[in-house]
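Structure first, then comments.
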Amino acid sequence: MSAPLILHPDRLFPADLTTRSIARRLYAEVASLPIISPHGHTDPSWFSSDALFSDPANLLIVPDHYVFRMLHSQGVPLEALGIARRDGGAVERDPRTIWRLFAKQYHLFRGTPSAMWLNWVFAELFGLEERLSPETADLYYDRIDAALATDAFRPRALMDRLNIEVLTTTENPLDPLEAHQTIRASGWQGRVLTAYRPDPVVDPEFEGFLANLDKLGAITGKDARSWQGYLDAHRDRRAFFKAMGATSTDHGHPTARTADLPFAESESLFARVQSPSVTAADAELFRAQMLTEMARMSTEDGLVMQLHPGSFRNHSRNTLANFGRDKGADIPTQTGYVEGLKPLLDRFGDAPGFTLILFTLDETAYSRELAPLAGFYPCLRLGPAWWFHDSPEGMMRFREQTTETAGFYNMVGFNDDTRAFLSIPARHDVARRIDCSFLARLVAEHRLDEDEAAELAYDLTYRLVKEAYRL
């Protein structure tokens with residue numbers, strides 16, 4: 001017999017009954033608030049075409065690196081999960097076969113955030129009442145596949161059903177934003193916005209960097225191989241992104257290092273990173289200078305700046321060579337913020353209207369660096385969760401290590417950072433439950449009154465993120 005699939009109403013709440021009761025009351029106040037998703041990797045073409053999703057495997061497995069990195073760690077070939085090879089080589093094409101393999105390995109996700117998110121999707125969206133297993137694999141597939149064939153599961157309808165008020169995608173400067181233009185022209189009232197992610201044209205170690213510069217110049221009509229023309233090209237594209245609804249930029253640098261070089265030195269550096277003899281040191285210094293240049297532009301155009309450093313991206317050489325970028329092989333690295341950000345903060349730390357939202361994959365920086373920085377500089381805000389730390393334990397550690405120094409009001413809302421569209425509400429629900437649990441503990445310890453905690457729960461769920469991202 002299959003085991004029942006049960007979402008316990010008190011999941012993630014404290015075990016202590018007094019504190020749990022407080023958490024329940026706080027959660028009841030915020031559980032149904034609209035979702036603000038200010039940074040994600042969902043495909044905007046889903047919403048421009050509003051086409052039906054093809055099948056369960058290509059919706060829930062193939063695009064989700066949280067899923068296939070776990071399976072890969074247990075020896076499941078990515079080809080068997082339908083992940084396309086760069087050389088066009090053979091991969092599994094039958095979605096039911098992929099789904100059955102996933103179901104056979106679903107026990108690997110026990111106790112992980114992925115299981116919580118997926119179980120929420122299975123139970124809440126598709127009404128499934130038995131756990132996923134090899135025995136129930138076809139039941140799941142047929143139920144989900146049938147639902148995906150209905151208008152209720154088209155992307156725009158799901159935006160309404162999932163109560164997503166704003167969803168922000170990330171595009172690079174070379175993207176014409178055709179999907180976003182189609183969305184705007186359609187008259188649909190759903191808010192799917194873009195964010196400016198310039199990594200392909202600011203990172204000299206990014207594949208195709210020089211060709212990307214030429215494309216940037218062609219798009220903007222600027223001389224993107226000269227320092228001044230290159231900066232002007234960024235300003236041009238940022239203005240276009242802003243006209244298309246962008247309120248933020250996003251930067252996925254290896255480190256948080258910044259620099260503030262004189263114009264002539266920057267010009268010389270830009271020439272060096274375009275030469276065949278470019279060094280790793282030059283590439284890092286150029287990225288550092290470009291963070292300061294992006295901050296300067298944010299003071300001019302008002303776009304909120306996000307920095308996601310500290311990830312050794314595409315760590316697996318074989319995976320990168322065979323399957324391309326962003327296939328789950330991003331590994332956290334030690335990251336320094338105090339020294340790294342000083343040149344940028346010396347220039348713009350007090351600049352009126354400038355906001356820089358910091359994220360980290362290095363938890364050791366929470367209390368030592370990030371909270372003290374955000375507790376002083378007016379421009380800084382902290383992003384509570386990012387991939388690897390969007391877990392219940394990671395969220396709680398963040399609150400425990402940053403609140404005492406930075407308070408609650410130097411924070412922004414939960415960052416779901418996902419390519420798995422249907423899991424967005426599940427992820428936000430986990431964040432709301434953890435925040436309410438943390439606040440409940442403060443109330444139980446008489447460090448907060450419950451009315452203050454209720455106001456904070458609302459702010460952390462909804463108000464702060466809208467204000468920080470100017471939504």
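Every chain in the structure tokens has a letter given in the order shown (A, B, ...), and although residue numbers restart at 1 in each chain, ligands are simply numbered from 1 in the order shown.
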Residues near segment 338-346 of chain A, anyone? I mean within 10 Å using only C-alpha atoms, not counting same-chain ones fewer than 2 positions away, as a CSV table (one decimal) with N, CA and C atoms, in the first residue's frame.
chain,number,residue,atom,x,y,z
A,255,THR,N,33.5,37.1,-6.6
A,255,THR,CA,33.9,37.7,-5.3
A,255,THR,C,33.1,39.0,-5.1
A,256,ALA,N,33.2,39.6,-3.9
A,256,ALA,CA,32.6,40.9,-3.7
A,256,ALA,C,33.6,42.0,-3.8
A,257,ARG,N,34.7,41.8,-4.5
A,257,ARG,CA,35.8,42.8,-4.6
A,257,ARG,C,35.3,43.9,-5.5
A,258,THR,N,35.6,45.2,-5.1
A,258,THR,CA,35.3,46.3,-5.9
A,258,THR,C,36.5,47.2,-6.1
A,259,ALA,N,36.6,48.1,-7.0
A,259,ALA,CA,37.7,48.9,-7.3
A,259,ALA,C,37.2,50.3,-7.7
A,260,ASP,N,38.1,51.3,-7.5
A,260,ASP,CA,37.7,52.7,-8.0
A,260,ASP,C,38.9,53.3,-8.6
A,261,LEU,N,39.1,52.9,-9.9
A,261,LEU,CA,40.3,53.3,-10.6
A,261,LEU,C,40.1,54.6,-11.3
A,288,ALA,N,35.9,44.0,-10.6
A,288,ALA,CA,35.8,44.8,-9.4
A,288,ALA,C,35.5,46.3,-9.8
A,289,GLN,N,36.1,46.7,-10.9
A,289,GLN,CA,35.9,48.1,-11.3
A,289,GLN,C,34.4,48.2,-11.9
A,291,LEU,N,31.8,46.7,-10.9
A,291,LEU,CA,30.8,46.8,-9.8
A,291,LEU,C,30.6,48.2,-9.4
A,292,THR,N,31.7,48.9,-9.3
A,292,THR,CA,31.7,50.3,-8.9
A,292,THR,C,31.0,51.2,-10.0
A,293,GLU,N,31.3,50.8,-11.3
A,293,GLU,CA,30.7,51.5,-12.4
A,293,GLU,C,29.2,51.3,-12.4
A,294,MET,N,28.8,50.1,-12.1
A,294,MET,CA,27.4,49.8,-12.1
A,294,MET,C,26.7,50.5,-10.9
A,295,ALA,N,27.4,50.6,-9.8
A,295,ALA,CA,26.8,51.4,-8.7
A,295,ALA,C,26.7,52.9,-9.1
A,296,ARG,N,27.7,53.4,-9.8
A,296,ARG,CA,27.6,54.8,-10.3
A,296,ARG,C,26.4,55.0,-11.2
A,335,THR,N,33.9,34.2,1.1
A,335,THR,CA,33.8,35.5,0.5
A,335,THR,C,34.0,36.6,1.6
A,336,GLY,N,34.8,37.6,1.2
A,336,GLY,CA,35.0,38.8,2.1
A,336,GLY,C,34.3,40.0,1.5
A,348,PHE,N,30.0,55.5,-2.8
A,348,PHE,CA,28.5,55.6,-2.9
A,348,PHE,C,27.8,55.1,-1.7
A,349,GLY,N,28.5,54.8,-0.6
A,349,GLY,CA,27.8,54.2,0.5
A,349,GLY,C,26.8,55.1,1.1
A,350,ASP,N,26.9,56.5,0.9
A,350,ASP,CA,25.9,57.4,1.5
A,350,ASP,C,25.1,58.1,0.4
A,351,ALA,N,25.3,57.6,-0.9
A,351,ALA,CA,24.6,58.3,-2.0
A,351,ALA,C,23.1,58.2,-1.8
A,356,LEU,N,21.9,48.9,-2.6
A,356,LEU,CA,22.7,47.7,-2.9
A,356,LEU,C,22.3,46.6,-2.0
A,365,ALA,N,30.0,34.8,7.0
A,365,ALA,CA,30.1,36.3,6.8
A,365,ALA,C,28.8,37.0,7.4
A,368,ARG,N,29.7,38.4,11.1
A,368,ARG,CA,31.1,39.0,11.1
A,368,ARG,C,31.1,40.2,10.2
A,369,GLU,N,30.5,40.1,9.0
A,369,GLU,CA,30.7,41.2,8.0
A,369,GLU,C,29.4,41.8,7.5
A,370,LEU,N,28.4,41.0,7.1
A,370,LEU,CA,27.2,41.5,6.4
A,370,LEU,C,26.3,42.3,7.4
A,372,PRO,N,27.1,43.9,10.3
A,372,PRO,CA,27.7,45.1,10.7
A,372,PRO,C,27.7,46.1,9.5
A,373,LEU,N,28.0,45.7,8.3
A,373,LEU,CA,27.9,46.6,7.2
A,373,LEU,C,26.6,47.2,7.0
A,377,TYR,N,25.8,51.3,6.8
A,377,TYR,CA,25.7,52.0,5.5
A,377,TYR,C,24.3,52.2,5.0
A,379,CYS,N,23.0,52.6,2.2
A,379,CYS,CA,22.7,52.0,0.9
A,379,CYS,C,22.5,50.5,1.0
A,380,LEU,N,22.9,49.9,2.0
A,380,LEU,CA,23.0,48.4,2.1
A,380,LEU,C,21.7,47.8,2.6
Which residues in segment 194-314 of chain A does DSSP call strand (DSSP E or B)? List them as an MDAnalysis selection string. chainID A and resid 196 248:251 304:307 311:312
Take the residues just selected and output them with C-alpha atoms as a PDB file, in the first residue's frame.
ATOM      1  CA  TYR A 196      19.578  43.767 -15.936  1.00  0.00           C
ATOM      2  CA  SER A 248      16.905  46.279 -10.539  1.00  0.00           C
ATOM      3  CA  THR A 249      20.223  44.988 -11.775  1.00  0.00           C
ATOM      4  CA  ASP A 250      21.814  41.702 -10.754  1.00  0.00           C
ATOM      5  CA  HIS A 251      25.487  40.744 -10.599  1.00  0.00           C
ATOM      6  CA  VAL A 304      18.389  48.810  -7.396  1.00  0.00           C
ATOM      7  CA  MET A 305      21.646  46.842  -7.450  1.00  0.00           C
ATOM      8  CA  GLN A 306      21.904  43.198  -6.342  1.00  0.00           C
ATOM      9  CA  LEU A 307      25.192  41.370  -5.749  1.00  0.00           C
ATOM     10  CA  SER A 311      29.841  30.960  -6.022  1.00  0.00           C
ATOM     11  CA  PHE A 312      32.376  28.907  -7.916  1.00  0.00           C
TER      12      PHE A 312
END
Polymer residues at most 6 Å from segment 115-130 of chain A, only C-alpha atoms, same-chain spacing of 6 or more positions, as a list in words: Ala3, Pro4, Leu5, Phe109, Ser423 and Ala426 of chain A
Just the number, please: distance in Å from atom CA of Leu442 of chain A to atom CA of Asp429 of chain A, one decimal. 20.2 Å
Let me make sure I understand: among A:Tyr141, A:Trp386, A:Phe263, A:Phe206, which one has the smallest atom-to-atom distance to Phe102 of chain A if we use only C-alpha atoms? A:Tyr141
Could you pull out all residues of segment 6-248 of chain A with a DSSP call of alpha helix (DSSP H) and give them as a PyMOL selection string? chain A and resi 17-30+44-49+56-60+65-73+95-104+113-120+126+137-148+155-161+178-186+199-202+209-220+227-243
Find the residues around Asp16 of chain A up to 12 Å (only C-alpha atoms counted), leave out those fewer than 3 positions away in its own chain, and share them as a PyMOL selection string. chain A and resi 10+12-13+19-23+437+440-441+444
Writer output for current selection, C-alpha atoms, as an mmCIF file, in the first residue's frame:
data_model
loop_
_atom_site.group_PDB
_atom_site.id
_atom_site.type_symbol
_atom_site.label_atom_id
_atom_site.label_comp_id
_atom_site.auth_asym_id
_atom_site.auth_seq_id
_atom_site.Cartn_x
_atom_site.Cartn_y
_atom_site.Cartn_z
ATOM 1 C CA ASP A 10 2.267 22.886 11.849
ATOM 2 C CA LEU A 12 8.356 24.017 10.504
ATOM 3 C CA PHE A 13 6.763 25.557 13.595
ATOM 4 C CA THR A 19 5.855 29.157 20.954
ATOM 5 C CA ARG A 20 4.064 27.085 18.353
ATOM 6 C CA SER A 21 0.747 28.713 19.241
ATOM 7 C CA ILE A 22 2.264 32.160 18.727
ATOM 8 C CA ALA A 23 3.778 31.095 15.409
ATOM 9 C CA SER A 437 8.736 30.804 14.078
ATOM 10 C CA ALA A 440 7.291 33.681 17.919
ATOM 11 C CA ARG A 441 10.411 32.781 19.874
ATOM 12 C CA ALA A 444 7.777 33.857 23.979
#
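The nearest approach to Asn322 of chain A among the residues A:Val91, A:Leu382, A:Ala453, A:Leu213, with only C-alpha atoms taken into account, belongs to A:Val91.
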Quick one: residues within 8 Å of segment 217-233 of chain A, only C-alpha atoms, excluding same-chain residues fewer than 2 positions away - as a ChimeraX atom specification? /A:174,213-215,235-237,266-267,270-271
Requested write-out: N, CA and C atoms of the selected residues, as an mmCIF file, in the first residue's frame:
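Saved to again20.cif:
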data_model
loop_
_atom_site.group_PDB
_atom_site.id
_atom_site.type_symbol
_atom_site.label_atom_id
_atom_site.label_comp_id
_atom_site.auth_asym_id
_atom_site.auth_seq_id
_atom_site.Cartn_x
_atom_site.Cartn_y
_atom_site.Cartn_z
ATOM 1 N N LEU A 174 22.356 41.658 -23.949
ATOM 2 C CA LEU A 174 22.233 41.307 -25.358
ATOM 3 C C LEU A 174 20.842 40.800 -25.703
ATOM 4 N N LEU A 213 31.001 41.697 -26.520
ATOM 5 C CA LEU A 213 31.239 43.140 -26.618
ATOM 6 C C LEU A 213 30.846 43.656 -27.989
ATOM 7 N N ASP A 214 31.193 42.903 -29.026
ATOM 8 C CA ASP A 214 30.835 43.336 -30.382
ATOM 9 C C ASP A 214 29.316 43.360 -30.564
ATOM 10 N N LYS A 215 28.631 42.378 -29.993
ATOM 11 C CA LYS A 215 27.168 42.367 -30.072
ATOM 12 C C LYS A 215 26.579 43.561 -29.319
ATOM 13 N N ARG A 235 24.848 52.194 -20.329
ATOM 14 C CA ARG A 235 23.800 53.170 -19.982
ATOM 15 C C ARG A 235 22.622 53.061 -20.944
ATOM 16 N N ASP A 236 22.938 52.853 -22.207
ATOM 17 C CA ASP A 236 21.896 52.710 -23.216
ATOM 18 C C ASP A 236 21.012 51.497 -22.926
ATOM 19 N N ARG A 237 21.639 50.352 -22.646
ATOM 20 C CA ARG A 237 20.870 49.140 -22.392
ATOM 21 C C ARG A 237 20.113 49.217 -21.076
ATOM 22 N N SER A 266 41.356 52.712 -15.844
ATOM 23 C CA SER A 266 40.252 51.852 -16.273
ATOM 24 C C SER A 266 40.318 51.607 -17.771
ATOM 25 N N GLU A 267 40.634 52.646 -18.504
ATOM 26 C CA GLU A 267 40.748 52.536 -19.952
ATOM 27 C C GLU A 267 41.848 51.549 -20.328
ATOM 28 N N PHE A 270 40.727 48.010 -19.492
ATOM 29 C CA PHE A 270 39.759 47.507 -20.472
ATOM 30 C C PHE A 270 40.476 47.017 -21.725
ATOM 31 N N ALA A 271 41.518 47.710 -22.129
ATOM 32 C CA ALA A 271 42.303 47.253 -23.277
ATOM 33 C C ALA A 271 42.978 45.916 -22.973
#
Just want the 9 Å neighbourhood of Val412 of chain A, counted on only C-alpha atoms, with same-chain residues fewer than 2 positions away dropped. Output as a CSV table (one decimal) with C-alpha atoms, in the first residue's frame.
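Result file around01.csv:
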chain,number,residue,atom,x,y,z
A,357,ILE,CA,21.2,44.4,-1.8
A,381,ARG,CA,20.2,45.8,2.5
A,382,LEU,CA,20.6,42.1,3.1
A,383,GLY,CA,18.9,39.4,1.1
A,384,PRO,CA,17.8,36.7,3.5
A,408,PHE,CA,14.8,43.6,10.7
A,409,TYR,CA,14.5,46.8,8.6
A,410,ASN,CA,17.8,46.4,6.8
A,414,PHE,CA,12.6,36.2,0.5
A,415,ASN,CA,14.5,35.6,-2.8
A,460,LEU,CA,9.2,40.7,6.2
A,461,THR,CA,6.7,39.0,3.9
A,463,ARG,CA,6.3,45.5,2.6
A,464,LEU,CA,10.1,45.5,2.8
A,465,VAL,CA,10.6,43.7,-0.5
A,466,LYS,CA,8.3,46.0,-2.4
A,467,GLU,CA,10.1,49.1,-0.9
A,468,ALA,CA,13.6,47.7,-1.5
A,469,TYR,CA,13.0,46.8,-5.1
Measuring atom to atom with only C-alpha atoms, identify which of A:Arg427, A:His315, A:Asp417, A:Tyr366 is nearest to Thr402 of chain A. A:Tyr366
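Using only C-alpha atoms, the nearest neighbour of Leu162 of chain A within the list A:Phe421, A:Lys104, A:Leu193, A:His8 is A:Phe421.
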Find, counting only C-alpha atoms, the residue in A:Val443, A:Val192, A:Ala31, A:Leu52 that gets nearest to Arg154 of chain A. A:Leu52
